[in-house]
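Asks: Here you go, one structure.
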Amino acid sequence: MQEMERLALRLRDFARARDWEQFHTPKNLAMALSGEVGELLAELQWLTPEEAAAVMDDPAAATRIRGELADVFTYLVRLADVLGVDLLEATHTKIDENDHRYDAEKYRGSSRKAPHRPAPKRQ
């Protein structure tokens with residue numbers, strides 16, 4: 001069993017032991033994920049780019065950031081588990097699509113959007 005699978009199982013067991021599975025609908029988990037992303041954003045909201053890049057140098061801020069990242073990751077893993085999505089496979093597929101869509105030479109240093117072009121199927 002891979003680490004992601006172990007984590008999903010641990011979160012599933014955690015929810016089951018508390019009878020929280022009834023609340024862990026895709027909608028509720030997506031909303032909770034959004035809320036946690038908002039809390040992460042609040043930690044960085046008014047920082048300059050330089051301050052944001054150095055935020056982990058402040059032990060108190062680093063603790064808060066780690067906690068918010070863990071909350072975001074927890075809800076993401078739980079949502080993927082409830083929906084039956086393999087996050088690693090989905091991520092590799094998305095990277096393949098973006099690799100096809102954003103030619104490295106053509107888009108180097110650019111933030112412009114590329115037209116959507118379906119990627120060839122992954123082997």
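The chains in the structure tokens are called A, B, ... from first to last as shown; in each chain the residues are counted from 1, and the ligands are counted from 1 in the order shown.
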Name the residues of chain A that fall into helix (DSSP H, G or I) according to DSSP on the backbone, using the chain letters and numbers of this document, as an NGL selection string.

Replies: :A and (3-17 or 21-23 or 26-44 or 49-53 or 55-57 or 59-83 or 87-101 or 104-107)

Asks: Between CA of Arg78 in chain A and CA of Ile95 in chain A, what is the spacing in Å?

Replies: 21.6 Å

Asks: Point out the residue among A:Ala8, A:Leu44, A:Thr25, A:Ala104 with the least atom-to-atom distance to Ala62 in chain A, counting only C-alpha atoms.

Replies: A:Leu44

Asks: Between A:Leu88, A:Val37, A:Leu83, A:Met1, which has the minimum distance to Glu68 in chain A (counting only C-alpha atoms)?

Replies: A:Val37

Asks: Write out as JSON lines a residue-level contact list of range 37-96 of chain A versus range 11-18 of chain A with cut-off 10 Å: for each qualifying residue the closest pair of atoms and the distance in Å to one decimal, counting only C-alpha atoms, rows sorted by chain and residue number upward.

Replies:
```
{"residue": "A:Thr74", "atom": "CA", "partner": "A:Leu11", "partner_atom": "CA", "distance": 7.7}
{"residue": "A:Tyr75", "atom": "CA", "partner": "A:Leu11", "partner_atom": "CA", "distance": 9.2}
{"residue": "A:Val77", "atom": "CA", "partner": "A:Leu11", "partner_atom": "CA", "distance": 8.3}
{"residue": "A:Arg78", "atom": "CA", "partner": "A:Leu11", "partner_atom": "CA", "distance": 6.6}
{"residue": "A:Asp81", "atom": "CA", "partner": "A:Arg12", "partner_atom": "CA", "distance": 8.1}
{"residue": "A:Val82", "atom": "CA", "partner": "A:Arg12", "partner_atom": "CA", "distance": 8.7}
```

Asks: How many Å lie between CA of His92 in chain A and CA of Arg108 in chain A, rounded to one decimal?

Replies: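 That distance, rounded to one decimal, is 20.6 Å.
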
Asks: Record the distance separating CA of Ser110 in chain A and CA of Thr91 in chain A, expressed in Å with one decimal.

Replies: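 One can read the CA of Ser110 in chain A to CA of Thr91 in chain A distance as 22.1 Å.
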
Asks: Find, counting only C-alpha atoms, the residue in A:Val55, A:Leu29, A:Leu87, A:Ala80 that gets nearest to Glu43 in chain A.

Replies: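 Comparing A:Val55, A:Leu29, A:Leu87, A:Ala80 against Glu43 in chain A, the winner is A:Val55.
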
Asks: Write out as a PDB file with C-alpha atoms, in the first residue's frame each polymer residue whose atoms come within 12 Å of Glu89 in chain A, counting only C-alpha atoms; drop sequence neighbours fewer than 3 positions from it.

Replies:
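Just written: selection30.pdb:
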```
ATOM      1  CA  MET A   4      -1.337   8.181  -0.183  1.00  0.00           C
ATOM      2  CA  ALA A  80     -10.634  12.313  -3.623  1.00  0.00           C
ATOM      3  CA  GLY A  84     -12.842   7.383  -5.892  1.00  0.00           C
ATOM      4  CA  VAL A  85     -10.185   9.544  -7.547  1.00  0.00           C
ATOM      5  CA  ASP A  86      -6.555   8.453  -7.506  1.00  0.00           C
ATOM      6  CA  HIS A  92       0.215  12.872 -13.541  1.00  0.00           C
ATOM      7  CA  THR A  93      -2.531  13.033 -16.190  1.00  0.00           C
ATOM      8  CA  LYS A  94      -2.941  16.778 -15.620  1.00  0.00           C
ATOM      9  CA  ILE A  95       0.823  17.354 -15.868  1.00  0.00           C
ATOM     10  CA  ASP A  96       0.849  15.376 -19.140  1.00  0.00           C
ATOM     11  CA  ARG A 122      -0.972   8.288 -21.152  1.00  0.00           C
ATOM     12  CA  GLN A 123       0.683   4.911 -21.573  1.00  0.00           C
TER      13      GLN A 123
END
```
